[in-house]
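To be precise, the following lines are upload.cif, and they hold mmCIF, C-alpha atoms.
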data_query
#
loop_
_atom_site.group_PDB
_atom_site.id
_atom_site.type_symbol
_atom_site.label_atom_id
_atom_site.label_comp_id
_atom_site.auth_asym_id
_atom_site.auth_seq_id
_atom_site.Cartn_x
_atom_site.Cartn_y
_atom_site.Cartn_z
ATOM 1 C CA MET D 1 133.207 97.020 96.878
ATOM 2 C CA THR D 2 133.360 93.338 97.737
ATOM 3 C CA VAL D 3 130.389 91.453 99.161
ATOM 4 C CA SER D 4 130.423 88.219 101.122
ATOM 5 C CA LEU D 5 127.371 86.140 101.999
ATOM 6 C CA ARG D 6 127.612 83.188 104.359
ATOM 7 C CA GLY D 7 124.748 80.810 105.093
ATOM 8 C CA VAL D 8 122.076 83.280 103.993
ATOM 9 C CA SER D 9 118.562 81.825 104.082
ATOM 10 C CA LYS D 10 115.135 83.390 103.743
ATOM 11 C CA GLU D 11 111.843 81.988 104.954
ATOM 12 C CA PHE D 12 108.366 83.390 104.467
ATOM 13 C CA GLY D 13 106.301 81.756 107.156
ATOM 14 C CA SER D 14 107.155 78.468 108.788
ATOM 15 C CA GLU D 15 106.834 76.304 105.672
ATOM 16 C CA GLN D 16 108.171 78.377 102.774
ATOM 17 C CA THR D 17 111.952 78.490 102.444
ATOM 18 C CA VAL D 18 112.792 80.730 99.494
ATOM 19 C CA LEU D 19 116.572 80.736 99.887
ATOM 20 C CA TYR D 20 118.711 78.146 101.623
ATOM 21 C CA ASP D 21 122.277 78.449 102.876
ATOM 22 C CA ILE D 22 123.595 80.849 100.215
ATOM 23 C CA ASP D 23 127.355 81.394 100.139
ATOM 24 C CA LEU D 24 128.451 84.032 97.655
ATOM 25 C CA ASP D 25 131.516 86.202 97.177
ATOM 26 C CA LEU D 26 131.438 89.168 94.822
ATOM 27 C CA GLY D 27 134.854 90.631 94.136
ATOM 28 C CA ALA D 28 135.716 94.287 93.649
ATOM 29 C CA ASN D 29 134.680 95.460 90.173
ATOM 30 C CA GLU D 30 133.363 91.981 89.334
ATOM 31 C CA PHE D 31 130.265 91.392 87.205
ATOM 32 C CA VAL D 32 128.314 88.302 88.292
ATOM 33 C CA SER D 33 124.980 87.085 86.927
ATOM 34 C CA LEU D 34 122.340 84.945 88.616
ATOM 35 C CA ILE D 35 120.241 82.646 86.471
ATOM 36 C CA GLY D 36 117.741 79.968 87.401
ATOM 37 C CA PRO D 37 114.096 78.892 87.181
ATOM 38 C CA SER D 38 111.313 81.244 88.236
ATOM 39 C CA GLY D 39 110.769 81.166 91.969
ATOM 40 C CA CYS D 40 114.324 80.229 92.923
ATOM 41 C CA GLY D 41 114.812 83.451 94.870
ATOM 42 C CA LYS D 42 117.062 85.477 92.566
ATOM 43 C CA SER D 43 115.201 88.739 93.118
ATOM 44 C CA THR D 44 114.831 88.065 96.837
ATOM 45 C CA LEU D 45 118.594 87.608 97.093
ATOM 46 C CA LEU D 46 119.203 91.008 95.490
ATOM 47 C CA ARG D 47 116.739 92.631 97.869
ATOM 48 C CA ILE D 48 118.462 91.071 100.864
ATOM 49 C CA ILE D 49 121.842 92.422 99.735
ATOM 50 C CA ALA D 50 120.282 95.849 99.160
ATOM 51 C CA GLY D 51 118.756 95.852 102.636
ATOM 52 C CA ILE D 52 115.201 96.004 101.277
ATOM 53 C CA VAL D 53 114.400 92.588 102.774
ATOM 54 C CA ASP D 54 115.941 90.983 105.854
ATOM 55 C CA SER D 55 117.415 87.500 105.695
ATOM 56 C CA SER D 56 116.137 84.869 108.112
ATOM 57 C CA SER D 57 119.657 83.669 108.905
ATOM 58 C CA GLY D 58 123.236 84.061 107.769
ATOM 59 C CA THR D 59 125.550 87.041 107.440
ATOM 60 C CA ILE D 60 126.341 89.670 104.796
ATOM 61 C CA SER D 61 129.501 91.732 104.933
ATOM 62 C CA PHE D 62 130.934 94.466 102.717
ATOM 63 C CA SER D 63 134.582 95.295 102.185
ATOM 64 C CA ASP D 64 134.245 98.784 103.670
ATOM 65 C CA GLY D 65 132.242 97.610 106.661
ATOM 66 C CA SER D 66 129.224 99.579 105.457
ATOM 67 C CA LYS D 67 125.902 98.701 107.021
ATOM 68 C CA ASP D 68 123.659 101.456 105.658
ATOM 69 C CA HIS D 69 123.858 100.327 101.995
ATOM 70 C CA GLN D 70 124.559 103.899 100.880
ATOM 71 C CA ASP D 71 126.994 102.708 98.204
ATOM 72 C CA ILE D 72 124.472 100.344 96.594
ATOM 73 C CA SER D 73 122.079 101.209 93.756
ATOM 74 C CA PHE D 74 119.224 99.051 92.498
ATOM 75 C CA VAL D 75 117.804 98.809 88.966
ATOM 76 C CA PHE D 76 114.410 97.097 89.024
ATOM 77 C CA GLN D 77 112.628 95.072 86.351
ATOM 78 C CA GLU D 78 110.478 98.112 85.572
ATOM 79 C CA PRO D 79 112.073 101.537 85.096
ATOM 80 C CA THR D 80 109.995 103.016 88.003
ATOM 81 C CA LEU D 81 110.469 106.555 86.703
ATOM 82 C CA LEU D 82 108.190 109.176 88.253
ATOM 83 C CA PRO D 83 105.759 110.135 85.470
ATOM 84 C CA TRP D 84 105.383 113.758 86.573
ATOM 85 C CA LEU D 85 109.127 114.434 86.374
ATOM 86 C CA THR D 86 111.223 114.939 83.263
ATOM 87 C CA VAL D 87 114.018 112.512 82.474
ATOM 88 C CA ASP D 88 116.524 115.031 83.813
ATOM 89 C CA LYS D 89 114.620 115.464 87.081
ATOM 90 C CA ASN D 90 114.233 111.696 87.459
ATOM 91 C CA VAL D 91 117.985 111.210 87.191
ATOM 92 C CA GLN D 92 118.583 114.022 89.668
ATOM 93 C CA LEU D 93 116.105 112.639 92.208
ATOM 94 C CA PRO D 94 118.470 110.462 94.332
ATOM 95 C CA LEU D 95 120.900 113.386 94.619
ATOM 96 C CA ARG D 96 118.071 115.740 95.517
ATOM 97 C CA ILE D 97 117.024 113.363 98.303
ATOM 98 C CA GLN D 98 120.622 113.398 99.548
ATOM 99 C CA GLY D 99 120.558 117.177 99.689
ATOM 100 C CA VAL D 100 122.987 117.811 96.828
ATOM 101 C CA GLU D 101 122.657 121.368 95.557
ATOM 102 C CA HIS D 102 120.984 122.000 92.216
ATOM 103 C CA GLN D 103 123.992 122.925 90.087
ATOM 104 C CA SER D 104 125.970 119.833 91.081
ATOM 105 C CA ARG D 105 123.136 117.397 90.538
ATOM 106 C CA SER D 106 122.291 119.037 87.198
ATOM 107 C CA GLU D 107 125.870 118.527 86.032
ATOM 108 C CA VAL D 108 125.798 114.874 87.104
ATOM 109 C CA SER D 109 122.514 114.328 85.271
ATOM 110 C CA GLN D 110 123.793 115.920 82.073
ATOM 111 C CA GLU D 111 126.936 113.791 82.142
ATOM 112 C CA LEU D 112 125.052 110.528 82.724
ATOM 113 C CA LEU D 113 122.336 111.227 80.176
ATOM 114 C CA ALA D 114 125.048 111.829 77.590
ATOM 115 C CA LYS D 115 126.690 108.524 78.531
ATOM 116 C CA VAL D 116 123.460 106.572 78.069
ATOM 117 C CA GLY D 117 122.563 108.398 74.853
ATOM 118 C CA LEU D 118 119.659 110.420 76.269
ATOM 119 C CA ASP D 119 121.129 113.908 76.274
ATOM 120 C CA GLY D 120 118.516 114.904 73.691
ATOM 121 C CA ALA D 121 115.675 113.601 75.838
ATOM 122 C CA ALA D 122 116.428 115.382 79.109
ATOM 123 C CA GLU D 123 113.230 117.443 79.066
ATOM 124 C CA LYS D 124 110.943 114.629 77.944
ATOM 125 C CA TYR D 125 108.601 112.781 80.281
ATOM 126 C CA PRO D 126 108.631 108.995 80.750
ATOM 127 C CA ARG D 127 105.448 108.590 78.674
ATOM 128 C CA GLN D 128 107.355 110.001 75.701
ATOM 129 C CA LEU D 129 110.103 107.388 75.863
ATOM 130 C CA SER D 130 110.434 103.905 74.389
ATOM 131 C CA GLY D 131 111.021 100.946 76.693
ATOM 132 C CA GLY D 132 114.733 100.974 75.972
ATOM 133 C CA MET D 133 115.005 104.704 76.629
ATOM 134 C CA LYS D 134 113.164 104.342 79.947
ATOM 135 C CA MET D 135 115.630 101.692 81.043
ATOM 136 C CA ARG D 136 118.574 103.873 80.012
ATOM 137 C CA ALA D 137 117.141 106.641 82.175
ATOM 138 C CA SER D 138 116.684 104.211 85.058
ATOM 139 C CA ILE D 139 120.320 103.109 84.816
ATOM 140 C CA ALA D 140 121.480 106.737 84.681
ATOM 141 C CA ARG D 141 119.454 107.462 87.814
ATOM 142 C CA ALA D 142 120.995 104.468 89.618
ATOM 143 C CA LEU D 143 124.497 105.642 88.701
ATOM 144 C CA SER D 144 123.899 109.236 89.802
ATOM 145 C CA VAL D 145 124.964 108.462 93.374
ATOM 146 C CA LYS D 146 128.226 106.869 92.186
ATOM 147 C CA PRO D 147 127.543 103.420 93.625
ATOM 148 C CA LYS D 148 130.237 100.867 94.373
ATOM 149 C CA LEU D 149 127.744 98.056 93.832
ATOM 150 C CA LEU D 150 124.953 97.962 91.251
ATOM 151 C CA LEU D 151 122.157 95.402 91.648
ATOM 152 C CA LEU D 152 120.124 94.791 88.491
ATOM 153 C CA ASP D 153 116.954 92.705 88.603
ATOM 154 C CA GLU D 154 116.314 91.564 85.030
ATOM 155 C CA PRO D 155 116.246 95.147 83.712
ATOM 156 C CA PHE D 156 116.135 94.215 80.012
ATOM 157 C CA GLY D 157 113.724 91.289 80.180
ATOM 158 C CA ALA D 158 110.805 93.100 78.526
ATOM 159 C CA LEU D 159 112.834 94.436 75.598
ATOM 160 C CA ASP D 160 113.276 93.010 72.108
ATOM 161 C CA GLU D 161 116.485 91.116 71.440
ATOM 162 C CA MET D 162 118.198 93.817 69.381
ATOM 163 C CA THR D 163 117.500 96.531 71.962
ATOM 164 C CA ARG D 164 118.548 94.170 74.728
ATOM 165 C CA ASN D 165 121.863 93.348 73.033
ATOM 166 C CA ASN D 166 122.579 97.030 72.431
ATOM 167 C CA LEU D 167 121.893 97.881 76.069
ATOM 168 C CA ASN D 168 124.126 95.022 77.228
ATOM 169 C CA GLU D 169 126.993 96.544 75.275
ATOM 170 C CA GLU D 170 126.103 100.024 76.519
ATOM 171 C CA LEU D 171 126.066 98.861 80.129
ATOM 172 C CA LEU D 172 129.537 97.352 79.838
ATOM 173 C CA ARG D 173 130.845 100.457 78.088
ATOM 174 C CA ILE D 174 129.590 102.709 80.895
ATOM 175 C CA ARG D 175 131.014 100.348 83.495
ATOM 176 C CA SER D 176 134.447 100.380 81.832
ATOM 177 C CA GLU D 177 134.698 104.143 82.408
ATOM 178 C CA LYS D 178 134.054 103.958 86.138
ATOM 179 C CA LEU D 179 134.228 100.432 87.482
ATOM 180 C CA TRP D 180 131.685 99.164 89.983
ATOM 181 C CA SER D 181 130.729 95.689 91.103
ATOM 182 C CA ALA D 182 127.514 94.285 89.662
ATOM 183 C CA LEU D 183 125.101 91.484 90.483
ATOM 184 C CA PHE D 184 122.702 90.917 87.598
ATOM 185 C CA VAL D 185 119.560 88.770 87.496
ATOM 186 C CA THR D 186 118.418 87.432 84.125
ATOM 187 C CA HIS D 187 116.528 84.570 82.504
ATOM 188 C CA SER D 188 118.674 84.822 79.365
ATOM 189 C CA VAL D 189 121.683 82.498 79.268
ATOM 190 C CA ALA D 190 123.280 84.436 76.405
ATOM 191 C CA GLU D 191 122.889 87.720 78.277
ATOM 192 C CA ALA D 192 124.428 86.252 81.432
ATOM 193 C CA VAL D 193 127.425 84.904 79.510
ATOM 194 C CA PHE D 194 127.919 88.129 77.558
ATOM 195 C CA LEU D 195 127.961 90.396 80.604
ATOM 196 C CA SER D 196 129.634 88.367 83.292
ATOM 197 C CA SER D 197 132.922 87.142 84.622
ATOM 198 C CA ARG D 198 130.967 84.420 86.460
ATOM 199 C CA VAL D 199 127.465 82.978 86.150
ATOM 200 C CA LEU D 200 125.777 81.473 89.191
ATOM 201 C CA VAL D 201 123.164 78.863 88.300
ATOM 202 C CA MET D 202 120.472 78.580 90.952
ATOM 203 C CA ALA D 203 118.119 75.701 91.683
ATOM 204 C CA ALA D 204 114.682 76.070 93.249
ATOM 205 C CA ASN D 205 112.654 74.594 96.111
ATOM 206 C CA PRO D 206 114.474 76.040 97.989
ATOM 207 C CA GLY D 207 116.622 78.518 96.086
ATOM 208 C CA ARG D 208 120.315 77.739 96.296
ATOM 209 C CA VAL D 209 123.485 78.132 94.226
ATOM 210 C CA ALA D 210 123.898 74.828 92.396
ATOM 211 C CA HIS D 211 126.691 75.641 89.974
ATOM 212 C CA VAL D 212 129.216 78.360 89.181
ATOM 213 C CA VAL D 213 130.484 78.847 85.625
ATOM 214 C CA ASP D 214 133.535 81.029 85.039
ATOM 215 C CA ILE D 215 133.364 83.166 81.888
ATOM 216 C CA PRO D 216 136.956 83.690 80.692
ATOM 217 C CA LEU D 217 136.071 86.037 77.830
ATOM 218 C CA ALA D 218 138.129 89.194 77.549
ATOM 219 C CA TYR D 219 136.623 92.632 78.058
ATOM 220 C CA PRO D 220 135.596 94.794 76.291
ATOM 221 C CA ARG D 221 132.836 92.702 74.753
ATOM 222 C CA THR D 222 131.066 93.681 71.549
ATOM 223 C CA HIS D 223 128.656 92.166 69.046
ATOM 224 C CA GLU D 224 131.641 90.217 67.708
ATOM 225 C CA THR D 225 131.911 88.445 71.064
ATOM 226 C CA ARG D 226 128.563 86.754 70.408
ATOM 227 C CA GLU D 227 129.948 85.314 67.153
ATOM 228 C CA ASN D 228 132.900 83.728 68.949
ATOM 229 C CA VAL D 229 133.012 79.918 69.237
ATOM 230 C CA ALA D 230 134.102 80.237 72.881
ATOM 231 C CA PHE D 231 130.989 82.307 73.590
ATOM 232 C CA SER D 232 128.733 79.658 72.048
ATOM 233 C CA ASP D 233 130.458 76.926 74.040
ATOM 234 C CA LEU D 234 129.900 78.817 77.281
ATOM 235 C CA VAL D 235 126.240 79.405 76.449
ATOM 236 C CA ARG D 236 125.822 75.660 75.944
ATOM 237 C CA LYS D 237 127.627 74.919 79.196
ATOM 238 C CA VAL D 238 125.436 77.252 81.246
ATOM 239 C CA THR D 239 122.317 75.962 79.483
ATOM 240 C CA LYS D 240 123.233 72.373 80.296
ATOM 241 C CA ALA D 241 123.851 73.230 83.947
ATOM 242 C CA LEU D 242 120.541 75.068 84.083
ATOM 243 C CA HIS D 243 118.631 72.146 82.579
ATOM 244 C CA SER D 244 120.277 69.807 85.073
ATOM 245 C CA VAL D 245 118.865 71.645 88.075
ATOM 246 C CA ASN D 246 115.651 72.987 86.611
ATOM 247 C CA ASN D 247 112.684 72.049 88.774
ATOM 248 C CA MET D 248 114.696 69.529 90.785
ATOM 249 C CA SER D 249 113.519 69.432 94.386
ATOM 250 C CA PHE D 250 115.979 69.822 97.225
ATOM 251 C CA GLN D 251 115.333 66.290 98.445
ATOM 252 C CA ASP D 252 115.864 64.880 94.938
ATOM 253 C CA ALA D 253 119.135 66.758 94.640
ATOM 254 C CA LYS D 254 120.389 65.420 97.966
ATOM 255 C CA GLN D 255 119.410 61.857 97.106
ATOM 256 C CA SER D 256 120.837 61.863 93.595
ATOM 257 C CA SER D 257 124.376 62.151 92.298
ATOM 258 C CA LEU D 258 123.632 65.709 91.171
ATOM 259 C CA THR D 259 125.520 67.362 93.996
ATOM 260 C CA PRO D 260 127.222 70.726 93.462
ATOM 261 C CA GLU D 261 130.488 68.796 93.094
ATOM 262 C CA ALA D 262 128.962 66.598 90.397
ATOM 263 C CA ILE D 263 127.429 69.556 88.591
ATOM 264 C CA SER D 264 130.815 71.268 88.518
ATOM 265 C CA GLN D 265 132.035 68.492 86.237
ATOM 266 C CA ILE D 266 129.462 69.273 83.538
ATOM 267 C CA HIS D 267 131.084 69.875 80.173
ATOM 268 C CA VAL D 268 129.676 70.726 76.784
#
Please express the file's structure as C-alpha cells.
Amino acid sequence: MTVSLRGVSKEFGSEQTVLYDIDLDLGANEFVSLIGPSGCGKSTLLRIIAGIVDSSSGTISFSDGSKDHQDISFVFQEPTLLPWLTVDKNVQLPLRIQGVEHQSRSEVSQELLAKVGLDGAAEKYPRQLSGGMKMRASIARALSVKPKLLLLDEPFGALDEMTRNNLNEELLRIRSEKLWSALFVTHSVAEAVFLSSRVLVMAANPGRVAHVVDIPLAYPRTHETRENVAFSDLVRKVTKALHSVNNMSFQDAKQSSLTPEAISQIHV
C-alpha cells in the first residue's frame, strides 16, 4: 500500500495548531520513521492516517483507493492486551470481530505467535508476560488481519535497550517474510536509523516535516549493522538535524536561514 498526504493540518480549537501543512509519501513496502521533539504531532499524524482522528484540512489517499482503513493496523505505545484473555485469544480478537471462523483464526494465531517467539506462551495471560513479550503479542495481534500498512507509535519506548534492539531485529525479520509498509514513531535516533529506509525529522510549534534523511543501508539488518561506520554516520546526521529544529518556533524558522532547503544541506 502507498499513502500520500497533501497539506494535512490539525487544529485543536482556534489557537492550537498541532500539525501544519504535512506532505508525505509512503511507498509500497517502505519503512519510514518519524522522529522529533515531544508535542510535534507524531502520534496525532499516525492517528489521522489510521482514521482515528480527522484532519482539519488536507487530503490523504491510498494506492487502492481504500477509505475504510481496513488494511491498516495500529500498534500503540502500550500493548493494550485484554487482561481477561489469553495471549492466543488476544491475537485472535481482530479476526473474531471480523467474523472469521474459529479454526482459521486459531491457525493464524499459532503461526504468528511462533513468528514472534511466543508459541510457548499462547495460554498465558498478559499479567504473566514481560514487557517485551506483551509487545510481541501486540505486534502479532496487529498482523493477524494481514495489513498492508502497519502504524507503530513508539512501541518499544518503555523497554530496556537490549530488549528493544532484539525486537527491532525481530520486527524486520517478520516484515521480510511478508512485506508491508510501515510508519514508525520513535524518540530514538538509533532505532529510527536501524529500521528505516527514510527518517522524517519533525519540528514543533506547529508540527511539520523539517528534514528527510535517506537511510541507504542494505536489508536485512542485524546487530552487525549497528557496528557499521555508515550506521554511526547516519545516526550523527539525524541527530544533528534533530538538534537544529528542536524547540524552534515556526516564526523563528521562517525568519531564519533554517528553511527545509537549508536543513537538507546538513552533513556530519
**Message:** Once the PyMOL selection byres ((chain D and resi 21-34) around 9) has been evaluated on this model, what residues remain selected, and can you format them as a ChimeraX atom specification?
**Reply:** /D:1-10,19-20,35-36,42,45,57-58,63,148-149,179-187,191-193,195-202,207-209
**Å distance separating CA of Lys237 (chain D) from CA of Glu154 (chain D), one decimal place** =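 Atom-to-atom, CA of Lys237 (chain D) and CA of Glu154 (chain D) are spaced 21.0 Å apart.
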Can you tell me, as a tab-separated table (two decimals) with C-alpha atoms, in the coordinates of the input, what residues are no more than 12 Å from region 221-233 of chain D when counting all atoms listed in the file, ignoring any on the same chain fewer than 4 positions away?
chain	number	residue	atom	x	y	z
D	162	MET	CA	118.20	93.82	69.38
D	164	ARG	CA	118.55	94.17	74.73
D	165	ASN	CA	121.86	93.35	73.03
D	166	ASN	CA	122.58	97.03	72.43
D	167	LEU	CA	121.89	97.88	76.07
D	168	ASN	CA	124.13	95.02	77.23
D	169	GLU	CA	126.99	96.54	75.28
D	170	GLU	CA	126.10	100.02	76.52
D	171	LEU	CA	126.07	98.86	80.13
D	172	LEU	CA	129.54	97.35	79.84
D	173	ARG	CA	130.84	100.46	78.09
D	175	ARG	CA	131.01	100.35	83.50
D	176	SER	CA	134.45	100.38	81.83
D	189	VAL	CA	121.68	82.50	79.27
D	190	ALA	CA	123.28	84.44	76.40
D	191	GLU	CA	122.89	87.72	78.28
D	192	ALA	CA	124.43	86.25	81.43
D	193	VAL	CA	127.42	84.90	79.51
D	194	PHE	CA	127.92	88.13	77.56
D	195	LEU	CA	127.96	90.40	80.60
D	196	SER	CA	129.63	88.37	83.29
D	197	SER	CA	132.92	87.14	84.62
D	213	VAL	CA	130.48	78.85	85.62
D	214	ASP	CA	133.54	81.03	85.04
D	215	ILE	CA	133.36	83.17	81.89
D	216	PRO	CA	136.96	83.69	80.69
D	217	LEU	CA	136.07	86.04	77.83
D	237	LYS	CA	127.63	74.92	79.20
D	238	VAL	CA	125.44	77.25	81.25
D	239	THR	CA	122.32	75.96	79.48
D	240	LYS	CA	123.23	72.37	80.30
D	267	HIS	CA	131.08	69.88	80.17
D	268	VAL	CA	129.68	70.73	76.78
**Message:** For a quick check of understanding, using all atoms listed in the file, which of D:Leu129, D:Ile52, D:Ala140, D:Met135 has the smallest distance to Gly157 (chain D)?
**Reply:**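 Checking each of D:Leu129, D:Ile52, D:Ala140, D:Met135 against Gly157 (chain D), counting all atoms listed in the file, the winner is D:Met135.
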**Item:** Coordinates-based distance that separates CA of Val87 (chain D) from CA of Ala122 (chain D) (Å, one decimal)
**Value:**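 So the two atoms, CA of Ala122 (chain D) and CA of Val87 (chain D), lie 5.0 Å apart.
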**Message:** Once the PyMOL selection byres ((chain D and resi 95) around 10) is applied to the coordinates I shared, what remains selected? I want it as an MDAnalysis selection string.
**Reply:** chainID D and resid 90:94 96:102 104:106 108:109 141 144:145
**Asked** What is the distance, in Å and to one decimal place, between CA of Glu11 (chain D) and CA of Ala50 (chain D)?
**Response**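 Going from CA of Glu11 (chain D) over to CA of Ala50 (chain D) covers 17.2 Å.
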**Explicit residue set for the PyMOL selection byres ((chain D and resi 137) around 9), as a VMD selection string** = chain D and resid 79 81 87 to 88 90 to 91 112 to 113 116 118 126 132 to 136 138 to 142
